[in-house]
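Pasted below: run-v3.pdb, PDB, C-alpha atoms.
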ATOM      1  CA  MET Q   1     119.148 -77.209 -31.095
ATOM      2  CA  ARG Q   2     121.462 -77.130 -28.096
ATOM      3  CA  LEU Q   3     121.231 -80.896 -27.663
ATOM      4  CA  SER Q   4     122.309 -81.521 -31.247
ATOM      5  CA  GLN Q   5     125.313 -79.204 -30.841
ATOM      6  CA  ASP Q   6     126.434 -81.030 -27.706
ATOM      7  CA  PHE Q   7     125.956 -84.355 -29.452
ATOM      8  CA  PHE Q   8     127.957 -83.179 -32.472
ATOM      9  CA  PHE Q   9     130.725 -81.895 -30.203
ATOM     10  CA  ARG Q  10     130.967 -85.183 -28.301
ATOM     11  CA  ILE Q  11     130.930 -87.280 -31.471
ATOM     12  CA  THR Q  12     133.639 -85.064 -32.992
ATOM     13  CA  LEU Q  13     135.781 -85.321 -29.873
ATOM     14  CA  ILE Q  14     135.391 -89.109 -29.717
ATOM     15  CA  TYR Q  15     136.239 -89.370 -33.420
ATOM     16  CA  PHE Q  16     139.361 -87.250 -32.880
ATOM     17  CA  PHE Q  17     140.629 -89.499 -30.093
ATOM     18  CA  VAL Q  18     139.884 -92.696 -32.003
ATOM     19  CA  VAL Q  19     141.858 -91.383 -34.975
ATOM     20  CA  LEU Q  20     144.644 -90.124 -32.728
ATOM     21  CA  PHE Q  21     144.994 -93.446 -30.914
ATOM     22  CA  SER Q  22     144.787 -95.498 -34.093
ATOM     23  CA  ILE Q  23     147.574 -93.426 -35.617
ATOM     24  CA  SER Q  24     149.647 -93.754 -32.462
ATOM     25  CA  ILE Q  25     149.424 -97.548 -32.270
ATOM     26  CA  SER Q  26     149.162 -98.576 -35.907
ATOM     27  CA  GLY Q  27     152.028-100.645 -37.213
ATOM     28  CA  ALA Q  28     154.031-100.503 -34.021
ATOM     29  CA  LYS Q  29     154.204-102.273 -30.752
ATOM     30  CA  ALA Q  30     153.283 -99.629 -28.213
ATOM     31  CA  ASP Q  31     155.024-100.960 -25.154
ATOM     32  CA  ILE Q  32     156.152 -98.157 -22.915
ATOM     33  CA  GLU Q  33     158.688 -99.676 -20.616
ATOM     34  CA  THR Q  34     160.570 -96.740 -19.154
ATOM     35  CA  ASN Q  35     159.867 -93.308 -17.759
ATOM     36  CA  ASN Q  36     161.756 -91.854 -20.690
ATOM     37  CA  ASP Q  37     159.532 -93.720 -23.173
ATOM     38  CA  ALA Q  38     156.446 -92.423 -21.385
ATOM     39  CA  ARG Q  39     157.717 -88.845 -21.464
ATOM     40  CA  LYS Q  40     158.508 -89.117 -25.184
ATOM     41  CA  PHE Q  41     155.032 -90.466 -25.923
ATOM     42  CA  LEU Q  42     153.276 -87.821 -23.824
ATOM     43  CA  SER Q  43     155.396 -85.089 -25.357
ATOM     44  CA  LYS Q  44     154.392 -86.233 -28.846
ATOM     45  CA  TYR Q  45     150.750 -86.586 -27.780
ATOM     46  CA  CYS Q  46     150.665 -83.111 -26.256
ATOM     47  CA  ILE Q  47     152.207 -81.585 -29.374
ATOM     48  CA  THR Q  48     149.514 -83.304 -31.433
ATOM     49  CA  LEU Q  49     146.892 -81.679 -29.214
ATOM     50  CA  VAL Q  50     148.455 -78.247 -29.696
ATOM     51  CA  ASN Q  51     148.561 -78.757 -33.468
ATOM     52  CA  GLU Q  52     144.889 -79.706 -33.435
ATOM     53  CA  ILE Q  53     144.043 -76.561 -31.484
ATOM     54  CA  GLU Q  54     146.002 -74.463 -33.981
ATOM     55  CA  LYS Q  55     144.170 -76.004 -36.963
ATOM     56  CA  SER Q  56     140.834 -75.473 -35.267
ATOM     57  CA  TYR Q  57     141.718 -71.880 -34.453
ATOM     58  CA  GLN Q  58     142.286 -71.269 -38.158
ATOM     59  CA  LYS Q  59     138.848 -72.761 -38.834
ATOM     60  CA  GLN Q  60     137.421 -70.286 -36.321
ATOM     61  CA  LEU Q  61     139.043 -67.365 -38.138
ATOM     62  CA  ASP Q  62     137.646 -68.597 -41.441
ATOM     63  CA  ALA Q  63     134.189 -68.954 -39.907
ATOM     64  CA  ILE Q  64     134.279 -65.381 -38.599
ATOM     65  CA  GLU Q  65     135.417 -64.035 -41.967
ATOM     66  CA  ASN Q  66     132.481 -65.831 -43.616
ATOM     67  CA  ASN Q  67     130.064 -64.782 -40.843
ATOM     68  CA  LYS Q  68     129.298 -68.413 -39.923
ATOM     69  CA  MET Q  69     128.686 -68.063 -36.211
ATOM     70  CA  ILE Q  70     127.222 -71.548 -35.722
ATOM     71  CA  GLU Q  71     130.358 -73.119 -37.176
ATOM     72  CA  PHE Q  72     132.467 -70.772 -35.036
ATOM     73  CA  SER Q  73     130.580 -71.931 -31.945
ATOM     74  CA  LYS Q  74     131.034 -75.617 -32.788
ATOM     75  CA  VAL Q  75     134.759 -75.187 -33.340
ATOM     76  CA  SER Q  76     135.005 -73.213 -30.098
ATOM     77  CA  LYS Q  77     133.501 -76.110 -28.168
ATOM     78  CA  TYR Q  78     135.873 -78.535 -29.857
ATOM     79  CA  ILE Q  79     138.866 -76.356 -28.965
ATOM     80  CA  TYR Q  80     137.594 -76.169 -25.407
ATOM     81  CA  GLY Q  81     137.460 -79.980 -25.201
ATOM     82  CA  VAL Q  82     140.952 -80.466 -26.604
ATOM     83  CA  SER Q  83     142.307 -77.665 -24.397
ATOM     84  CA  ASP Q  84     140.706 -79.251 -21.358
ATOM     85  CA  LEU Q  85     142.412 -82.543 -22.175
ATOM     86  CA  TYR Q  86     145.718 -80.701 -22.608
ATOM     87  CA  ASP Q  87     145.249 -79.010 -19.249
ATOM     88  CA  ASN Q  88     144.220 -82.231 -17.480
ATOM     89  CA  LEU Q  89     147.348 -83.968 -18.761
ATOM     90  CA  ASP Q  90     149.414 -80.975 -17.594
ATOM     91  CA  CYS Q  91     151.183 -81.058 -20.945
ATOM     92  CA  SER Q  92     153.399 -78.117 -20.060
ATOM     93  CA  ILE Q  93     155.702 -80.501 -18.190
ATOM     94  CA  TYR Q  94     156.042 -82.894 -21.146
ATOM     95  CA  ILE Q  95     156.786 -80.481 -23.960
ATOM     96  CA  ASP Q  96     160.448 -79.623 -24.253
ATOM     97  CA  LYS Q  97     161.102 -75.966 -23.655
TER      98      LYS Q  97
END
For this file, produce the structure as structure tokens.
Amino acid sequence: MRLSQDFFFRITLIYFFVVLFSISISGAKADIETNNDARKFLSKYCITLVNEIEKSYQKQLDAIENNKMIEFSKVSKYIYGVSDLYDNLDCSIYIDK
């Protein structure tokens, strides 16, 4: 059972990033030529990560209310993965305060 949960988590995370990158580059030429362009992109990317965490957190609350602990656990792992990415990018320096 544990193996299938890890597999589901990894597939979900990969799917999220594929969708995120396809949205980011669709219909536009994604040439980042300056430091300012890079900061703008990373700021937008980091905000997208935070929004995804917020949506997932709401799913966790719904799962607890409905006593669906397996779903809660899956969403927790997903949030952990997105949060880890956020932390590895050190997004706190890119988001305007």
Report as an NGL selection string the full result of the PyMOL selection byres ((chain Q and resi 95) around 8) when it is applied to this structure.
:Q and (43-44 or 46-47 or 91-94 or 96-97)
Out of Q:Ser4, Q:Leu85, Q:Val75, Q:Ala63, which residue has the shortest atom-to-atom distance to Q:Tyr45 when counting all atoms listed in the file?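 Of Q:Ser4, Q:Leu85, Q:Val75, Q:Ala63, the one nearest Q:Tyr45 is Q:Leu85, counting all atoms listed in the file.
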Which value, in Å to one decimal, gives the distance between atom CA of Q:Glu33 and atom CA of Q:Asn88?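 These atoms are spaced 22.9 Å apart.
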| For the atom pair atom CA of Q:Tyr80 and atom CA of Q:Ile53, what is the interatomic distance in Å to one decimal place? |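 Separation of atom CA of Q:Tyr80 and atom CA of Q:Ile53: 8.9 Å.
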Check: So what do you get for atom CA of Q:Glu52 versus atom CA of Q:Ala38, distance-wise?
Finding: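 Result for atom CA of Q:Glu52 versus atom CA of Q:Ala38: 21.0 Å, one decimal.
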Q) What residues come out when you apply the PyMOL selection byres ((chain Q and resi 13) around 12) to this file, written as a PyMOL selection string? A) chain Q and resi 6-12+14-20+49+52+74-75+77-85
Notebook entry, point to check: Using only C-alpha atoms, which residue out of Q:Gln5, Q:Ile32, Q:Val50, Q:Tyr86 lies closest to Q:Glu71?
Noted result: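 Looking at the shortest contact to Q:Glu71, the residue is Q:Gln5.
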